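Novice: There's a structure below that I have some questions on.
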Amino acid sequence: MSRSSEAAAMKRKRPDSSTQGLVDAELVVLNVVKSKKNLGIWVADVKKEANIAPALVDKCLTSLVKKNLIKKVPTIQNKAKKHYMAVEYEPSEELTGGAWYSEGKLDKEFITVLRETCLKVIGMMKVATVEGIHDFLKKRKVVECCTSQQVGEILNSMVLDDAIIEVKSTGLGEYHSIPIGSVCYRIAVGDTSGPKTIGPMASIPCGACPRISVCTPDGIISPKTCVYYTKWLNIEF
Amino acid sequence: MVSPHGIKLAVYLISSYFGDLNAKVCDCLLRRGTQTLYQVVSSTELSRTNVKNCLLVLIHHNCVQAFALRQPGGFGDEPKVITQYMALFDNIIHKLRFPKFIEIVSEELGKECEEIFEGLLQHGRLSLTEIIERYKETSKQGDSSADAARDSFNSLVNARFVERCPAPDPLLEPPAAEETAAKKRGAKSAKIQAQTMEQQALAAAAPMESMRFLVEDILNDSVERTDKRTTDVKCGMKRKHDDVESNTKDPGTGGKEVLWRANFEEFIRRLRHKACVANVKVRVNNDAAIVLAATLELSRHSETKLRMDNSVPQSINAIYDEVIKREGGLGMDLERIRASLDDLGCEAPLMEIDETYSVDLKNIIEQARIEEVESIVLKRYGREAYRMFRLLSKADRLVETDKISDTTFVEKKDAVKILFKLWKDDYLEMKKVIARAAKQSEFILWKINKQSLWEHILDEMYHAALNLRLRITHEKEQEKEILQMPKEKLVGELGNKYMRLRKVCIVLESSLMNLDDSLMLFHDF
């Protein structure tokens with residue numbers, strides 16, 4: 001084997017070694033990334049803070065990833081931004097968007113399942129507090145890995161959907177097991193979620209019309225020629 | 001300030017009832033505010049006689065109120081009295097609701113009263129003699145019908161469905177000091193002053209409360225007149241008495257008779273109560289609705305103005321007596337009534353001696369408005385927007401974008417899109433906050449401004465109501481030939497077309513009536 005190939009072998013060998021074997025530049029970059037702990041750092045910020053030529057930073061980052069010292073993490077803020085973090089940390093909530101996000105996306109399936117389960121539980125218990133519902137879920141092992149704070153958030157969104165209503169316990173009747181004044185939830189009157197009555201405005205085409213601001217009696221969009229009206233009046237019979 | 005589409009709707013209504021000339025005059029008065037005859041003539045470019053006739057028609061139908069303004073003359077000149085005309089926007093829009101008013105009368109007082117009342121609505125203003133004459137003609141029962149008509153009329157007045165007409169030309173004398181000061185302060189303050197001037201005029205024109213629902217026996221009129229005069233002067237309202245006098249001497253009506261008209265205020269009050277009860281029935285429960293209806297029935301006659309924030313306090317016993325008279329109320333005891341009052345948000349008084357309750361009507365109306373707007377948001381912008389809108393309306397303060405998307409479980413990017421859409425359509429207010437800490441970051445905060453949102457929604461509703469009216473006219477115009485054909489010929493294809501038109505008109509008209517409920521909710525209640 002020639003000398004040059006020997007050198008090449010050495011070069012190739014070097015990346016396999018641990019931190020001690022890192023080139024200076026890589027060490028600097030690694031320290032920058034590590035210093036950010038579970039927040040991670042954006043590539044552009046690494047370049048700024050490390051004070052090394054940008055091209056070299058890119059090289060270092062790829063090699064560090066290969067060595068399994070840092071990892072690339074997704075962020076919900078901006079999916080196009082490359083974020084790096086030391087392997088020993090788990091991404092913080094700011095990056096993942098909290099428990100409701102998986103891989104940078106809103107975990108809609110999980111949310112729907114949890115909502116439906118909560119609704120069923122409240123339906124069974126008639127009146128329930130956040131803790132009550134959480135305990136129920138834990139005991140039956142319906143949904144795993146879910147904190148009572150998460151249940152609270154789910155319930156809150158269901159109140160906004162008008163599927164359930166928030167009430168204060170009076171300590172009487174159905175509320176006998178719940179301390180007076182504590183917040184509890186019950187199923188809203190009526191079967192469906194959403195508003196109980198569709199307002200008169202919302203039940204005519206104009207109520208849902210995105211173009212109402214440009215509609216005039218004799219304009220291009222006018223009630224005489226309105227397609228929504230025609231559709232509405234033809235569907236009726 | 002009347003919304004732009006409100007004016008369009010009012011003008012359209014006037015033009016469909018009284019023709020284009022009247023509509024033009026009305027449009028001019030609504031857009032430019034109170035004006036003199038000369039000003040109307042010059043801005044409408046109609047002839048003086050035409051404008052005069054239009055104003056007479058509009059005054060007769062309670063759409064315009066005239067009043068005289070005494071203005072100080074120039075150097076050494078006599079003060080001038082100038083007659084001003086103002087359009088009564090609310091009364092014009094009330095034309096849309098006449099079927100509802102008639103229904104209320106018919107439900108409460110029966111067919112005969114309904115006929116008389118309908119005549120009154122058609123003619124705007126009538127004297128008692130005219131009312132009786134009209135009734136005689138339609139009933140064809142000879143003289144006995146005159147008594148029946150008078151009885152019906154009396155019950156209409158007693159129920160406050162009918163009132164004396166306001167004075168045709170009340171005189172206003174603005175204080176001289178304010179007049180000159182206003183000129184200096186410029187256009188803005190002058191506008192505020194003009195508004196109060198119009199309110200002053202309406203107040204001056206209105207018959208005094210004791211006269212408003214007073215029916216004089218016309219047979220003994222001449223005999224009693226002298227007595228009446230003395231009693232009225234005793235009340236210390238001499239000027240008011242003169243107003244009524246000038247009203248009765250109006251040469252246009254021929255004779256000395258008092259003119260009567262429908263009392264819109266009473267109808268709107270009843271519809272307001274009805275709307276409150278309907279809302280409570282859906283939102284709270286049936287019991288609460290019964291208790292509320294009873295409380296409102298009791299307090300109706302003591303309400304001093306239309307938009308009462310709270311119902312007049314009633315004792316629990318009075319409420320109980322009224323509740324058990326109502327359908328479904330017989331089985332209720334005091335405990336249940338107290339529970340329902342609690343559901344209505346009434347707090348039980350601390351002292352047991354004087355247990356009275358007053359319901360917060362303003363809150364009920366506010367809730368109804370929010371529900372209406374929420375259902376529009378749901379329909380127009382979808383469920384996620386609905387959830388966000390409800391979050392903001394409950395919070396009633398500025399909320400940051402990320403906070404909104406977290407609480408409502410909407411993907412951050414979608415949340416921003418939806419919020420911007422709502423903001424563009426004037427449903428939300430936006431504020432940008434720039435934080436300059438370690439690194440510069442920008443936060444966007446959102447809020448619902450209820451006052452301006454209500455105005456915006458009301459304007460859209462006027463627009464929608466106008467659209468429904470226009471579509472009805474359009475549909476009828478399209479099938480003009482069918483409508484003019486005799487009924488026997490309407491078979492086969494034509495018959496189907498006729499049936500379709502009928503159904504379309506029913507759908508459109510009933511939608512308009514429902515929409516009108518919402519118009520009242522946002523404008524009159």
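Ordering of the structure tokens sets the chain letters (A, B, ...); residue numbers start at 1 within each chain; ligands are numbered from 1 in the order shown.
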If the cut-off is 7 Å, can you tell me the residues of chain A near chain B, counting only C-alpha atoms? I'd like them as a PyMOL selection string.

Specialist: chain A and resi 106+153+157+160-161+195+198-202+206-209+223-224+233

Novice: Pull N, CA and C atoms from the residues just selected and write them as a compact mmCIF listing (two decimals), in the first residue's frame.

Specialist:
# COMPACT_ATOMS: atom_id res chain seq x y z
N LEU A 106 -50.12 17.92 13.75
CA LEU A 106 -51.15 17.78 14.76
C LEU A 106 -51.72 16.36 14.68
N GLU A 153 -57.53 19.96 28.54
CA GLU A 153 -57.47 20.69 27.26
C GLU A 153 -58.51 20.17 26.28
N SER A 157 -61.79 22.24 24.64
CA SER A 157 -62.12 22.41 23.23
C SER A 157 -63.52 21.89 22.94
N LEU A 160 -65.89 24.56 23.70
CA LEU A 160 -65.93 25.53 22.61
C LEU A 160 -66.78 25.01 21.45
N ASP A 161 -66.81 23.70 21.28
CA ASP A 161 -67.64 23.12 20.23
C ASP A 161 -69.09 22.98 20.66
N PRO A 195 -74.13 24.94 17.46
CA PRO A 195 -75.20 25.80 17.96
C PRO A 195 -76.54 25.07 17.98
N ILE A 198 -79.97 27.26 14.33
CA ILE A 198 -79.31 27.95 13.23
C ILE A 198 -80.05 29.26 13.06
N GLY A 199 -79.33 30.35 13.16
CA GLY A 199 -79.96 31.66 13.08
C GLY A 199 -80.58 31.90 11.72
N PRO A 200 -81.57 32.80 11.66
CA PRO A 200 -82.24 33.08 10.40
C PRO A 200 -81.28 33.54 9.31
N MET A 201 -80.27 34.30 9.72
CA MET A 201 -79.30 34.80 8.73
C MET A 201 -78.49 33.64 8.17
N ALA A 202 -78.11 32.70 9.06
CA ALA A 202 -77.26 31.60 8.61
C ALA A 202 -78.02 30.61 7.75
N CYS A 206 -77.35 34.27 1.75
CA CYS A 206 -76.56 35.47 2.06
C CYS A 206 -75.75 35.30 3.34
N GLY A 207 -76.27 34.50 4.28
CA GLY A 207 -75.57 34.31 5.54
C GLY A 207 -74.25 33.60 5.37
N ALA A 208 -74.18 32.73 4.37
CA ALA A 208 -72.96 31.96 4.17
C ALA A 208 -72.17 32.47 2.97
N CYS A 209 -72.60 33.58 2.41
CA CYS A 209 -72.02 34.04 1.14
C CYS A 209 -70.69 34.76 1.38
N PRO A 223 -78.71 39.60 -6.41
CA PRO A 223 -79.67 38.58 -5.98
C PRO A 223 -80.48 37.99 -7.13
N LYS A 224 -80.62 38.75 -8.23
CA LYS A 224 -81.41 38.25 -9.35
C LYS A 224 -80.70 37.09 -10.05
N LEU A 233 -83.24 27.55 -4.01
CA LEU A 233 -84.67 27.50 -4.33
C LEU A 233 -85.02 26.25 -5.13

Novice: Can you tell me, as a PDB file with N, CA and C atoms, in the first residue's frame, what residues are no more than 9 Å from Val28 of chain A when counting only C-alpha atoms, ignoring any on the same chain fewer than 5 positions away?

Specialist:
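Full text of part06.pdb as output:
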ATOM      1  N   VAL A  23     -12.357  16.752  14.692  1.00  0.00           N
ATOM      2  CA  VAL A  23     -11.583  17.927  14.305  1.00  0.00           C
ATOM      3  C   VAL A  23     -12.081  19.111  15.105  1.00  0.00           C
ATOM      4  N   VAL A  33     -24.275  23.177  19.549  1.00  0.00           N
ATOM      5  CA  VAL A  33     -25.552  22.452  19.517  1.00  0.00           C
ATOM      6  C   VAL A  33     -25.914  21.968  20.921  1.00  0.00           C
ATOM      7  N   ALA A  50     -21.026  29.740  15.737  1.00  0.00           N
ATOM      8  CA  ALA A  50     -19.774  28.985  15.705  1.00  0.00           C
ATOM      9  C   ALA A  50     -18.633  29.789  15.100  1.00  0.00           C
ATOM     10  N   ILE A  52     -17.544  29.919  12.034  1.00  0.00           N
ATOM     11  CA  ILE A  52     -16.752  29.119  11.104  1.00  0.00           C
ATOM     12  C   ILE A  52     -17.363  29.311   9.722  1.00  0.00           C
TER      13      ILE A  52
END

Novice: Please report the interatomic distance between atom CA of Glu479 of chain B and atom CA of Tyr498 of chain B in Å with one decimal.

Specialist: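 Pair atom CA of Glu479 of chain B / atom CA of Tyr498 of chain B returns 8.0 Å.
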
Novice: If you count only C-alpha atoms, which residues fall within 9 Å of segment 89-91 of chain A, apart from same-chain ones fewer than 6 positions away, as a list in words?

Specialist: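 Contacts, with the query itself left out: Lys34, Lys37, Asn38, Leu39, Gly40, Val73, Pro74 and Thr75 of chain A.
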
Novice: Extract, using only C-alpha atoms, all DNA, RNA and protein residues at most 12 Å from Thr170 of chain A, discarding same-chain residues fewer than 3 positions from it, and format them as a list in words.

Specialist: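 Surrounding residues, per the criterion: Val127, Val167, Gly173, Glu174, Tyr175, His176, Ser177, Ile178, Pro179, Ile180, Gly181, Ser182, Val183 and Cys184 of chain A.
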
Novice: Just the residues within 12 Å of segment 82-87 of chain A, please, counting only C-alpha atoms, with nothing from its chain fewer than 2 positions along; format it as an NGL selection string.

Specialist: :A and (29-46 or 58 or 60-62 or 64-80 or 89-92 or 95-96)

Novice: Kindly export the residues of the current selection with N, CA and C atoms, as a compact mmCIF listing (two decimals), in the first residue's frame.

Specialist:
# COMPACT_ATOMS: atom_id res chain seq x y z
N VAL A 29 -18.79 23.09 16.75
CA VAL A 29 -20.20 22.95 16.34
C VAL A 29 -20.97 22.11 17.36
N LEU A 30 -20.34 21.02 17.78
CA LEU A 30 -21.02 20.14 18.74
C LEU A 30 -21.34 20.89 20.03
N ASN A 31 -20.38 21.69 20.50
CA ASN A 31 -20.62 22.44 21.73
C ASN A 31 -21.76 23.44 21.59
N VAL A 32 -21.77 24.08 20.41
CA VAL A 32 -22.86 25.04 20.17
C VAL A 32 -24.21 24.32 20.25
N VAL A 33 -24.28 23.18 19.55
CA VAL A 33 -25.55 22.45 19.52
C VAL A 33 -25.91 21.97 20.92
N LYS A 34 -24.94 21.45 21.63
CA LYS A 34 -25.21 20.93 22.97
C LYS A 34 -25.68 22.01 23.92
N SER A 35 -25.11 23.20 23.75
CA SER A 35 -25.43 24.30 24.67
C SER A 35 -26.92 24.66 24.61
N LYS A 36 -27.54 24.34 23.50
CA LYS A 36 -28.97 24.70 23.36
C LYS A 36 -29.88 23.67 24.06
N LYS A 37 -29.31 22.62 24.54
CA LYS A 37 -30.08 21.58 25.24
C LYS A 37 -31.29 21.13 24.44
N ASN A 38 -32.47 21.05 25.09
CA ASN A 38 -33.60 20.45 24.38
C ASN A 38 -34.32 21.43 23.44
N LEU A 39 -33.77 22.64 23.32
CA LEU A 39 -34.39 23.58 22.38
C LEU A 39 -33.91 23.35 20.95
N GLY A 40 -32.69 22.76 20.84
CA GLY A 40 -32.14 22.56 19.51
C GLY A 40 -31.69 23.87 18.90
N ILE A 41 -31.13 23.79 17.73
CA ILE A 41 -30.67 25.04 17.09
C ILE A 41 -30.83 24.95 15.59
N TRP A 42 -31.15 26.08 15.01
CA TRP A 42 -31.36 26.17 13.57
C TRP A 42 -30.00 26.31 12.89
N VAL A 43 -29.82 25.72 11.74
CA VAL A 43 -28.54 25.71 11.03
C VAL A 43 -27.94 27.11 10.91
N ALA A 44 -28.76 28.06 10.51
CA ALA A 44 -28.26 29.42 10.31
C ALA A 44 -27.70 30.00 11.60
N ASP A 45 -28.35 29.62 12.73
CA ASP A 45 -27.87 30.12 14.01
C ASP A 45 -26.54 29.46 14.39
N VAL A 46 -26.37 28.20 14.00
CA VAL A 46 -25.10 27.52 14.26
C VAL A 46 -23.99 28.28 13.55
N ASP A 58 -21.72 23.04 7.58
CA ASP A 58 -22.58 22.01 6.98
C ASP A 58 -21.91 20.65 7.02
N CYS A 60 -19.51 19.64 9.02
CA CYS A 60 -19.41 19.17 10.40
C CYS A 60 -20.73 18.56 10.86
N LEU A 61 -21.81 19.27 10.55
CA LEU A 61 -23.12 18.79 11.00
C LEU A 61 -23.41 17.40 10.45
N THR A 62 -23.17 17.22 9.13
CA THR A 62 -23.44 15.90 8.54
C THR A 62 -22.58 14.84 9.19
N LEU A 64 -21.29 14.87 12.20
CA LEU A 64 -21.72 14.65 13.59
C LEU A 64 -22.96 13.77 13.64
N VAL A 65 -23.84 13.99 12.66
CA VAL A 65 -25.05 13.15 12.60
C VAL A 65 -24.65 11.70 12.35
N LYS A 66 -23.69 11.54 11.41
CA LYS A 66 -23.22 10.19 11.09
C LYS A 66 -22.64 9.51 12.31
N LYS A 67 -21.96 10.31 13.13
CA LYS A 67 -21.33 9.74 14.34
C LYS A 67 -22.33 9.54 15.46
N ASN A 68 -23.57 9.88 15.17
CA ASN A 68 -24.61 9.69 16.17
C ASN A 68 -24.39 10.53 17.43
N LEU A 69 -23.88 11.75 17.21
CA LEU A 69 -23.71 12.65 18.36
C LEU A 69 -24.81 13.71 18.40
N ILE A 70 -25.30 14.08 17.23
CA ILE A 70 -26.45 15.00 17.18
C ILE A 70 -27.51 14.40 16.28
N LYS A 71 -28.73 14.98 16.33
CA LYS A 71 -29.80 14.47 15.46
C LYS A 71 -30.59 15.64 14.88
N LYS A 72 -31.23 15.33 13.79
CA LYS A 72 -32.07 16.35 13.15
C LYS A 72 -33.48 16.20 13.74
N VAL A 73 -34.11 17.34 14.15
CA VAL A 73 -35.45 17.22 14.72
C VAL A 73 -36.44 18.10 13.94
N PRO A 74 -37.67 17.62 13.79
CA PRO A 74 -38.67 18.44 13.10
C PRO A 74 -39.21 19.53 14.04
N THR A 75 -39.59 20.65 13.48
CA THR A 75 -40.22 21.70 14.29
C THR A 75 -41.57 22.03 13.69
N ILE A 76 -42.51 22.45 14.55
CA ILE A 76 -43.83 22.78 14.01
C ILE A 76 -43.86 24.21 13.48
N GLN A 77 -42.94 25.05 13.96
CA GLN A 77 -42.96 26.45 13.55
C GLN A 77 -42.72 26.58 12.06
N ASN A 78 -41.67 25.92 11.62
CA ASN A 78 -41.34 26.03 10.21
C ASN A 78 -40.71 24.73 9.76
N LYS A 79 -41.46 24.00 8.96
CA LYS A 79 -40.99 22.66 8.61
C LYS A 79 -39.77 22.69 7.71
N ALA A 80 -39.58 23.78 7.00
CA ALA A 80 -38.45 23.85 6.07
C ALA A 80 -37.13 24.10 6.81
N TYR A 89 -30.84 14.64 24.32
CA TYR A 89 -32.02 15.41 24.70
C TYR A 89 -33.26 14.98 23.89
N GLU A 90 -34.42 15.17 24.52
CA GLU A 90 -35.69 14.99 23.79
C GLU A 90 -36.19 16.38 23.40
N PRO A 91 -36.75 16.53 22.21
CA PRO A 91 -37.20 17.86 21.76
C PRO A 91 -38.19 18.48 22.75
N SER A 92 -38.07 19.78 22.98
CA SER A 92 -38.96 20.48 23.92
C SER A 92 -40.33 20.71 23.28
N LEU A 95 -40.72 22.95 20.21
CA LEU A 95 -40.40 22.38 18.91
C LEU A 95 -41.47 21.42 18.44
N THR A 96 -41.92 20.57 19.34
CA THR A 96 -42.86 19.53 18.92
C THR A 96 -44.29 20.04 18.89

Novice: Could you name the residues that touch Val323 of chain B at 7 Å or less, counting only C-alpha atoms, but leaving out those on the same chain fewer than 5 positions away, as a list in words?

Specialist: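 The residues that qualify are Ile290, Val291, Ala294 and Gly329 of chain B.
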
Novice: Could the residues in this selection be written to a file with N, CA and C atoms, as a compact mmCIF listing (two decimals), in the first residue's frame?

Specialist:
# COMPACT_ATOMS: atom_id res chain seq x y z
N ILE B 290 -91.13 29.73 31.09
CA ILE B 290 -92.46 30.03 31.63
C ILE B 290 -92.36 31.14 32.69
N VAL B 291 -91.38 31.01 33.57
CA VAL B 291 -91.22 32.01 34.63
C VAL B 291 -90.88 33.37 34.03
N ALA B 294 -93.92 34.97 32.47
CA ALA B 294 -94.80 35.49 33.51
C ALA B 294 -94.27 36.82 34.05
N GLY B 329 -97.55 25.81 33.58
CA GLY B 329 -97.08 26.43 34.81
C GLY B 329 -97.85 25.98 36.04
